[in-house]
>>> print(open('target_33.csv').read())   # CSV, C-alpha atoms and all ligand atoms
chain,number,residue,atom,x,y,z
A,1,MET,CA,0.0,0.0,0.0
A,2,TYR,CA,1.3,3.5,-0.9
A,3,ARG,CA,2.2,5.7,2.0
A,4,TYR,CA,2.7,9.4,1.6
A,5,ARG,CA,6.4,10.5,1.5
A,6,ARG,CA,7.3,14.2,1.6
A,7,ASN,CA,9.8,15.2,-1.1
A,8,ASN,CA,10.8,18.6,0.2
A,9,GLY,CA,9.7,21.6,2.4
A,10,PHE,CA,7.3,22.9,-0.3
A,11,SER,CA,5.4,19.6,-0.6
A,12,ARG,CA,1.9,19.5,0.6
A,13,PRO,CA,0.4,19.4,3.2
A,14,TYR,CA,1.9,22.6,4.6
A,15,SER,CA,2.3,22.8,8.3
A,16,TYR,CA,0.6,25.5,10.4
A,17,THR,CA,3.9,26.8,11.7
A,18,GLN,CA,5.2,27.1,8.2
A,19,ILE,CA,2.2,29.1,7.0
A,20,SER,CA,2.3,31.2,10.2
A,21,SER,CA,6.0,32.1,9.6
A,22,TRP,CA,5.3,33.1,5.9
A,23,VAL,CA,2.4,35.3,7.1
A,24,PHE,CA,4.6,36.8,9.8
A,25,ILE,CA,7.5,37.6,7.4
A,26,ILE,CA,5.1,39.2,4.9
A,27,ILE,CA,3.6,41.4,7.7
A,28,GLN,CA,7.2,42.3,8.8
A,29,ILE,CA,8.1,43.4,5.3
A,30,ILE,CA,4.9,45.4,4.8
A,31,VAL,CA,5.2,47.3,8.1
A,32,PHE,CA,8.9,48.0,7.6
A,33,VAL,CA,8.5,49.2,4.0
A,34,VAL,CA,5.4,51.2,4.6
A,35,LEU,CA,5.8,52.5,8.2
A,36,THR,CA,9.5,52.6,8.9
A,37,LEU,CA,11.5,53.4,5.7
A,38,PRO,CA,9.5,56.6,4.8
A,39,LEU,CA,10.2,58.1,8.2
A,40,LEU,CA,14.0,57.6,8.2
A,41,THR,CA,16.5,60.3,7.2
A,42,LEU,CA,18.0,60.0,3.8
A,43,PHE,CA,21.3,58.5,5.1
A,44,HIS,CA,19.5,55.9,7.3
A,45,LEU,CA,17.0,55.2,4.5
A,46,ILE,CA,19.8,54.2,2.1
A,47,ALA,CA,21.6,52.2,4.8
A,48,ALA,CA,18.3,50.5,5.8
A,49,CYS,CA,17.4,49.7,2.2
A,50,ILE,CA,20.8,48.1,1.5
A,51,MET,CA,20.8,46.0,4.7
A,52,PHE,CA,17.1,45.1,4.6
A,53,PHE,CA,16.9,44.0,1.0
A,54,PHE,CA,20.3,42.3,1.0
A,55,SER,CA,19.4,40.2,4.1
A,56,LEU,CA,15.9,39.5,2.7
A,57,SER,CA,17.4,38.2,-0.5
A,58,LEU,CA,19.8,35.9,1.5
A,59,LEU,CA,16.9,34.8,3.7
A,60,ILE,CA,14.8,33.8,0.7
A,61,TYR,CA,17.7,32.2,-1.1
A,62,PHE,CA,18.7,30.0,1.9
A,63,TRP,CA,15.1,29.2,2.8
A,64,ILE,CA,14.6,27.8,-0.7
A,65,ARG,CA,17.9,25.9,-0.6
A,66,VAL,CA,17.1,24.3,2.7
A,67,SER,CA,13.5,23.5,1.7
A,68,LEU,CA,14.3,22.1,-1.8
A,69,ALA,CA,17.3,19.9,-0.6
A,70,ARG,CA,16.8,16.3,-1.6
A,71,LEU,CA,17.0,14.4,1.7
A,72,ILE,CA,16.6,10.7,1.2
A,73,ASP,CA,18.9,7.7,1.8
A,74,ASP,CA,20.2,6.8,-1.6
A,75,ALA,CA,20.7,3.2,-0.7
A,76,SER,CA,24.5,3.5,-1.3
A,77,TYR,CA,25.1,1.9,2.1
A,78,ASN,CA,28.0,-0.1,3.3
A,79,ILE,CA,26.8,-3.7,3.7
A,80,ASP,CA,28.9,-4.1,6.9
A,81,THR,CA,27.4,-1.1,8.7
A,82,ALA,CA,24.0,-0.9,7.0
A,83,ARG,CA,20.9,-1.4,9.2
A,84,LEU,CA,17.3,-2.3,8.3
A,85,CYS,CA,14.7,0.4,8.6
A,86,ASN,CA,11.5,-1.1,9.8
A,87,TYR,CA,9.4,1.7,8.2
A,88,CYS,CA,11.0,1.7,4.7
A,89,CYS,CA,11.6,-2.1,4.9
A,90,ALA,CA,15.0,-1.5,3.3
A,91,ASN,CA,18.7,-1.4,4.2
A,92,VAL,CA,19.9,2.2,5.0
A,93,ASN,CA,23.1,3.8,6.0
A,94,SER,CA,23.9,3.4,9.7
A,95,GLU,CA,23.8,7.2,10.3
A,96,SER,CA,20.4,7.6,8.6
A,97,LYS,CA,17.3,8.0,10.7
A,98,HIS,CA,13.6,7.6,9.7
A,99,CYS,CA,11.5,10.8,10.0
A,100,LYS,CA,7.9,9.7,10.7
A,101,ILE,CA,6.5,13.1,9.5
A,102,CYS,CA,8.3,13.0,6.1
A,103,ASN,CA,8.1,9.1,6.0
A,104,LYS,CA,11.6,8.7,4.7
A,105,CYS,CA,15.1,7.9,5.9
A,106,VAL,CA,17.3,11.0,6.1
A,107,PRO,CA,21.1,10.7,5.9
A,108,LYS,CA,22.8,12.2,9.1
A,109,PHE,CA,19.4,13.3,10.4
A,110,ASP,CA,19.6,16.3,12.7
A,111,HIS,CA,15.9,17.2,13.3
A,112,HIS,CA,12.6,17.8,11.6
A,113,CYS,CA,11.9,21.6,11.4
A,114,GLY,CA,8.2,22.5,11.6
A,115,ILE,CA,8.7,26.1,10.4
A,116,LEU,CA,10.5,24.8,7.2
A,117,ASN,CA,8.3,21.7,7.0
A,118,THR,CA,11.3,19.6,6.1
A,119,CYS,CA,14.1,17.6,7.7
A,120,ILE,CA,17.5,19.0,8.4
A,121,GLY,CA,20.2,16.5,7.6
A,122,MET,CA,23.4,16.0,5.6
A,123,GLY,CA,22.0,17.5,2.4
A,124,ASN,CA,21.0,20.9,3.9
A,125,TYR,CA,22.6,21.4,7.3
A,126,LYS,CA,25.1,24.0,6.1
A,127,PHE,CA,22.3,25.9,4.4
A,128,PHE,CA,20.3,25.7,7.6
A,129,ILE,CA,23.1,27.5,9.5
A,130,CYS,CA,23.4,30.1,6.7
A,131,LEU,CA,19.6,30.6,6.9
A,132,LEU,CA,19.9,31.2,10.7
A,133,LEU,CA,22.7,33.7,10.1
A,134,SER,CA,20.7,35.5,7.4
A,135,LEU,CA,17.6,35.6,9.7
A,136,LEU,CA,19.8,37.1,12.3
A,137,LEU,CA,21.0,39.8,9.9
A,138,TYR,CA,17.4,40.4,8.6
A,139,ASN,CA,16.0,40.9,12.1
A,140,CYS,CA,18.9,43.0,13.2
A,141,ALA,CA,18.2,45.4,10.2
A,142,ILE,CA,14.5,45.5,11.2
A,143,ALA,CA,15.0,45.9,14.9
A,144,GLY,CA,17.8,48.5,14.4
A,145,PHE,CA,16.1,50.8,12.0
A,146,SER,CA,12.6,50.6,13.5
A,147,GLY,CA,14.3,51.4,16.8
A,148,ARG,CA,16.0,54.3,15.1
A,149,MET,CA,12.7,55.6,13.8
A,150,ILE,CA,11.2,55.4,17.4
A,151,GLY,CA,14.2,57.3,18.7
A,152,ASP,CA,13.7,60.1,16.1
A,153,TYR,CA,10.0,60.3,17.1
A,154,PHE,CA,10.9,60.9,20.8
A,155,ILE,CA,13.8,63.3,20.0
A,156,SER,CA,11.5,65.1,17.5
A,157,ASN,CA,14.2,66.9,15.7
A,158,GLU,CA,13.3,69.3,13.0
A,159,GLU,CA,13.9,66.9,10.1
A,160,PHE,CA,11.7,64.3,11.6
A,161,VAL,CA,8.9,66.8,12.2
A,162,HIS,CA,9.2,67.9,8.6
A,163,ARG,CA,9.1,64.3,7.3
A,164,SER,CA,6.3,63.2,9.5
A,165,ARG,CA,4.2,66.3,8.4
A,166,ARG,CA,4.7,65.3,4.8
A,167,ILE,CA,4.0,61.6,5.4
A,168,GLY,CA,1.3,62.3,8.0
A,169,ARG,CA,-1.1,63.0,5.2
A,170,PHE,CA,-1.0,59.3,4.2
A,171,ILE,CA,-0.4,57.5,7.5
A,172,ASN,CA,-1.0,58.2,11.2
A,173,ILE,CA,2.4,58.9,12.8
A,174,HIS,CA,1.4,57.7,16.3
A,175,ALA,CA,0.0,54.4,14.9
A,176,SER,CA,3.2,54.1,12.9
A,177,VAL,CA,5.3,54.4,16.1
A,178,VAL,CA,3.2,51.8,17.9
A,179,MET,CA,3.6,49.4,15.0
A,180,ASN,CA,7.3,50.1,14.8
A,181,PHE,CA,7.6,49.4,18.5
A,182,LEU,CA,5.9,46.0,18.1
A,183,LEU,CA,8.1,45.3,15.1
A,184,CYS,CA,11.3,46.2,17.0
A,185,ILE,CA,10.4,44.1,20.1
A,186,SER,CA,9.3,41.0,18.0
A,187,SER,CA,12.5,41.2,15.8
A,188,GLY,CA,14.6,41.5,19.0
A,189,LEU,CA,13.0,38.5,20.6
A,190,ILE,CA,13.4,36.4,17.4
A,191,ASN,CA,17.1,37.3,17.4
A,192,VAL,CA,17.5,36.1,21.0
A,193,VAL,CA,16.0,32.7,19.9
A,194,ILE,CA,18.2,32.6,16.8
A,195,LEU,CA,21.3,33.4,18.8
A,196,PHE,CA,20.5,30.6,21.2
A,197,LEU,CA,20.0,28.2,18.3
A,198,LEU,CA,23.4,29.3,16.8
A,199,VAL,CA,25.2,28.8,20.1
A,200,PHE,CA,23.5,25.4,20.5
A,201,HIS,CA,24.5,24.2,17.1
A,202,LEU,CA,28.1,25.5,17.7
A,203,TYR,CA,28.1,23.3,20.8
A,204,LEU,CA,26.8,20.3,18.8
A,205,ARG,CA,29.5,20.8,16.1
A,206,ILE,CA,32.3,21.0,18.8
A,207,ASN,CA,31.0,17.8,20.3
A,208,HIS,CA,30.4,16.1,16.9
A,209,LEU,CA,26.7,15.5,17.7
A,210,THR,CA,23.5,16.0,15.8
A,211,THR,CA,20.4,17.5,17.6
A,212,TYR,CA,18.8,14.0,17.5
A,213,GLN,CA,21.9,12.4,19.1
A,214,TYR,CA,22.0,15.1,21.7
A,215,ILE,CA,18.3,14.5,22.6
A,216,GLN,CA,18.9,10.8,22.7
A,217,GLN,CA,22.0,11.2,25.0
A,218,SER,CA,20.1,13.5,27.4
A,219,ARG,CA,17.2,11.0,27.5
A,220,ASN,CA,19.5,8.1,28.2
A,221,LYS,CA,21.3,10.0,30.9
A,222,ARG,CA,17.9,10.9,32.5
A,223,GLU,CA,16.8,7.2,32.4
A,224,ASP,CA,20.1,6.1,33.9
A,225,GLN,CA,19.7,8.6,36.7
A,226,ILE,CA,16.2,7.4,37.4
A,227,ARG,CA,17.4,3.7,37.3
A,228,THR,CA,20.3,4.5,39.7
A,229,GLY,CA,17.9,6.4,42.0
A,230,GLU,CA,15.5,3.5,42.0
A,231,THR,CA,18.4,1.0,42.8
A,232,ILE,CA,19.7,3.2,45.7
A,233,ASN,CA,16.1,3.5,47.0
A,234,SER,CA,15.5,-0.2,46.8
A,235,ASN,CA,18.8,-0.9,48.6
A,236,VAL,CA,18.0,1.6,51.3
A,237,ASN,CA,14.5,0.0,51.8
A,238,LYS,CA,16.1,-3.4,51.9
A,239,THR,CA,18.6,-2.3,54.6
A,240,GLU,CA,15.7,-0.7,56.6
A,241,ILE,CA,13.8,-4.0,56.4
A,242,ASP,CA,16.9,-6.0,57.5
A,243,ASN,CA,17.4,-3.6,60.4
A,244,ILE,CA,13.8,-4.1,61.5
A,245,LYS,CA,14.4,-7.9,61.3
A,246,VAL,CA,17.6,-7.9,63.5
A,247,THR,CA,16.3,-5.4,66.1
A,248,PRO,CA,15.4,-7.4,69.2
A,249,ALA,CA,11.9,-6.9,70.6
A,250,CYS,CA,11.8,-5.1,73.9
A,301,ZN,ZN,13.2,4.6,6.8
A,302,ZN,ZN,11.0,15.2,8.4
>>> encode(input="target_33.csv", output="structure tokens")
Amino acid sequence: MYRYRRNNGFSRPYSYTQISSWVFIIIQIIVFVVLTLPLLTLFHLIAACIMFFFSLSLLIYFWIRVSLARLIDDASYNIDTARLCNYCCANVNSESKHCKICNKCVPKFDHHCGILNTCIGMGNYKFFICLLLSLLLYNCAIAGFSGRMIGDYFISNEEFVHRSRRIGRFINIHASVVMNFLLCISSGLINVVILFLLVFHLYLRINHLTTYQYIQQSRNKREDQIRTGETINSNVNKTEIDNIKVTPAC
């Protein structure tokens, strides 16, 4: 019987987190282009345009590269180290892992990313790191220049007042500041998460681990601790029972 197998990140069905992230990025772009850029000074406007559109191009490029990567065990396994995948009913490389969401064996499986709706493995891990770096740059540009616009609003220098009067005919300046504040905070928070992910993956690289192996190791350690705790407890209980037995009755 045929079972669905996901080819890449753009294969249907799309995940809710994937759709949400697309919608969020589109909102970010609209707010930044319509409510931030027009209120910047000419110097900041040029700098913001270069940084924003450059990082956005990188983001789109790496998003597509990660999503379209062909991640499937090509059956070129070494017969001595190969193992049988019970889901694929086929021999696969020893480092491959079956992703139940994509229903395929992925070489050097790292994790399944819900936002990208695809696995991260040998075929796209480097692009995934580049995607994180471009996301960091993109959100830095947004947070930095929307923060700059808010700063200009509170300082209210002559140039800003002149600009806001000109643009105020089309958009509400106060509403624009509120939207820029939300944009700045959300981009800053996203950057905190991305930085954490980058540090985490640096740690994994140093220790020659994948995310999946790290999770498995942590789980095994926890299970060992629970088992050791149970053994100590049972030994303590046994000693207590023995003590009761040898204590002479008064
Ligand atoms: Zn498999
Ligand atoms: Zn997957």
>>> residues_near_ligand(input="target_33.csv", ligand="ligand ZN 301 (chain A)", cutoff="10 Å", atoms="only C-alpha atoms and all ligand atoms", output="list in words")
Ile72, Asp73, Leu84, Cys85, Asn86, Tyr87, Cys88, Cys89, Ala90, Asn91, Val92, Asn93, Ser96, Lys97, His98, Cys99, Lys100, Cys102, Asn103, Lys104, Cys105 and Val106 of chain A
>>> closest_residue(input="target_33.csv", among="A:Thr17, A:Thr118, A:Tyr61, A:Gly188", to="Arg5 in chain A", atoms="only C-alpha atoms")
A:Thr118
>>> residues_around(input="target_33.csv", residues="Leu59 in chain A", least_positions_apart="6", cutoff="10 Å", atoms="all atoms listed in the file", output="count of residues only")
11
>>> closest_residue(input="target_33.csv", among="A:Arg70, A:Arg148, A:Arg166, A:His201", to="Thr36 in chain A", atoms="all atoms listed in the file")
A:Arg148
>>> closest_residue(input="target_33.csv", among="A:Val31, A:Ile19, A:Leu202, A:Ile120", to="ligand ZN 302 (chain A)", atoms="all atoms listed in the file")
A:Ile120
>>> atom_distance(input="target_33.csv", atom1="CA of Cys140 in chain A", atom2="CA of Ile190 in chain A")
9.6 Å
>>> atom_distance(input="target_33.csv", atom1="CA of Leu35 in chain A", atom2="CA of Leu58 in chain A")
22.7 Å
>>> atom_distance(input="target_33.csv", atom1="CA of Cys119 in chain A", atom2="CA of Trp22 in chain A")
17.9 Å
>>> axis_aligned_box(input="target_33.csv", around="range 176-182 of chain A", padding_each_side="5 Å", output="lines of an AutoDock Vina configuration file")
center_x = 5.4
center_y = 50.2
center_z = 15.7
size_x = 14.4
size_y = 18.4
size_z = 15.6
>>> closest_residue(input="target_33.csv", among="A:Leu71, A:Phe24, A:Gly168, A:Ile185", to="Ile142 in chain A", atoms="only C-alpha atoms")
A:Ile185
>>> closest_residue(input="target_33.csv", among="A:Gln216, A:Phe52, A:Leu45, A:Leu40", to="Asp152 in chain A", atoms="all atoms listed in the file")
A:Leu40
>>> closest_residue(input="target_33.csv", among="A:Asn7, A:Asn180, A:Ser218, A:Gln225", to="ligand ZN 302 (chain A)", atoms="only C-alpha atoms and all ligand atoms")
A:Asn7
>>> residues_near_point(input="target_33.csv", point="(23.4, 17.2, 1.3)", cutoff="8 Å", atoms="all atoms listed in the file", output="PDB file with C-alpha atoms, keeping the file's coordinate frame")
ATOM      1  CA  ALA A  69      17.300  19.900  -0.600  1.00  0.00           C
ATOM      2  CA  ARG A  70      16.800  16.300  -1.600  1.00  0.00           C
ATOM      3  CA  LEU A  71      17.000  14.400   1.700  1.00  0.00           C
ATOM      4  CA  GLY A 121      20.200  16.500   7.600  1.00  0.00           C
ATOM      5  CA  MET A 122      23.400  16.000   5.600  1.00  0.00           C
ATOM      6  CA  GLY A 123      22.000  17.500   2.400  1.00  0.00           C
ATOM      7  CA  ASN A 124      21.000  20.900   3.900  1.00  0.00           C
ATOM      8  CA  TYR A 125      22.600  21.400   7.300  1.00  0.00           C
TER       9      TYR A 125
END
>>> residues_near_point(input="target_33.csv", point="(10.2, 19.2, 8.2)", cutoff="9 Å", atoms="all atoms listed in the file", output="NGL selection string")
:A and (6 or 8-9 or 15 or 67 or 99 or 101-102 or 111-120)
>>> residues_around(input="target_33.csv", residues="Val178 in chain A", least_positions_apart="3", cutoff="12 Å", atoms="all atoms listed in the file", output="ChimeraX atom specification")
/A:31,35-36,146-147,149-150,153,172-175,181-185
>>> decode(input="target_33.csv", residues="range 175-225 of chain A", atoms="C-alpha atoms", output="short mmCIF file (atom, residue, chain, number, x, y, z; two decimals), in the first residue's frame")
data_model
loop_
_atom_site.label_atom_id
_atom_site.label_comp_id
_atom_site.auth_asym_id
_atom_site.auth_seq_id
_atom_site.Cartn_x
_atom_site.Cartn_y
_atom_site.Cartn_z
CA ALA A 175 -0.02 54.44 14.94
CA SER A 176 3.17 54.05 12.92
CA VAL A 177 5.29 54.43 16.07
CA VAL A 178 3.21 51.77 17.89
CA MET A 179 3.60 49.38 14.95
CA ASN A 180 7.35 50.08 14.81
CA PHE A 181 7.61 49.42 18.54
CA LEU A 182 5.93 46.02 18.09
CA LEU A 183 8.15 45.31 15.10
CA CYS A 184 11.30 46.22 17.03
CA ILE A 185 10.37 44.08 20.06
CA SER A 186 9.31 41.03 18.00
CA SER A 187 12.47 41.15 15.85
CA GLY A 188 14.63 41.53 18.96
CA LEU A 189 12.97 38.50 20.60
CA ILE A 190 13.40 36.43 17.42
CA ASN A 191 17.08 37.34 17.41
CA VAL A 192 17.46 36.09 20.99
CA VAL A 193 16.01 32.71 19.90
CA ILE A 194 18.24 32.60 16.78
CA LEU A 195 21.34 33.42 18.81
CA PHE A 196 20.46 30.63 21.23
CA LEU A 197 20.04 28.20 18.30
CA LEU A 198 23.37 29.25 16.76
CA VAL A 199 25.20 28.76 20.06
CA PHE A 200 23.46 25.40 20.54
CA HIS A 201 24.50 24.22 17.06
CA LEU A 202 28.06 25.45 17.66
CA TYR A 203 28.11 23.33 20.82
CA LEU A 204 26.81 20.34 18.81
CA ARG A 205 29.50 20.83 16.13
CA ILE A 206 32.27 21.00 18.75
CA ASN A 207 30.99 17.76 20.30
CA HIS A 208 30.39 16.06 16.91
CA LEU A 209 26.72 15.54 17.68
CA THR A 210 23.45 16.03 15.83
CA THR A 211 20.39 17.46 17.57
CA TYR A 212 18.80 14.00 17.47
CA GLN A 213 21.88 12.38 19.07
CA TYR A 214 21.99 15.12 21.72
CA ILE A 215 18.32 14.51 22.63
CA GLN A 216 18.90 10.76 22.74
CA GLN A 217 21.99 11.17 24.96
CA SER A 218 20.08 13.46 27.36
CA ARG A 219 17.18 10.98 27.46
CA ASN A 220 19.52 8.05 28.15
CA LYS A 221 21.27 10.02 30.91
CA ARG A 222 17.92 10.85 32.53
CA GLU A 223 16.79 7.21 32.35
CA ASP A 224 20.11 6.08 33.88
CA GLN A 225 19.71 8.58 36.71
#
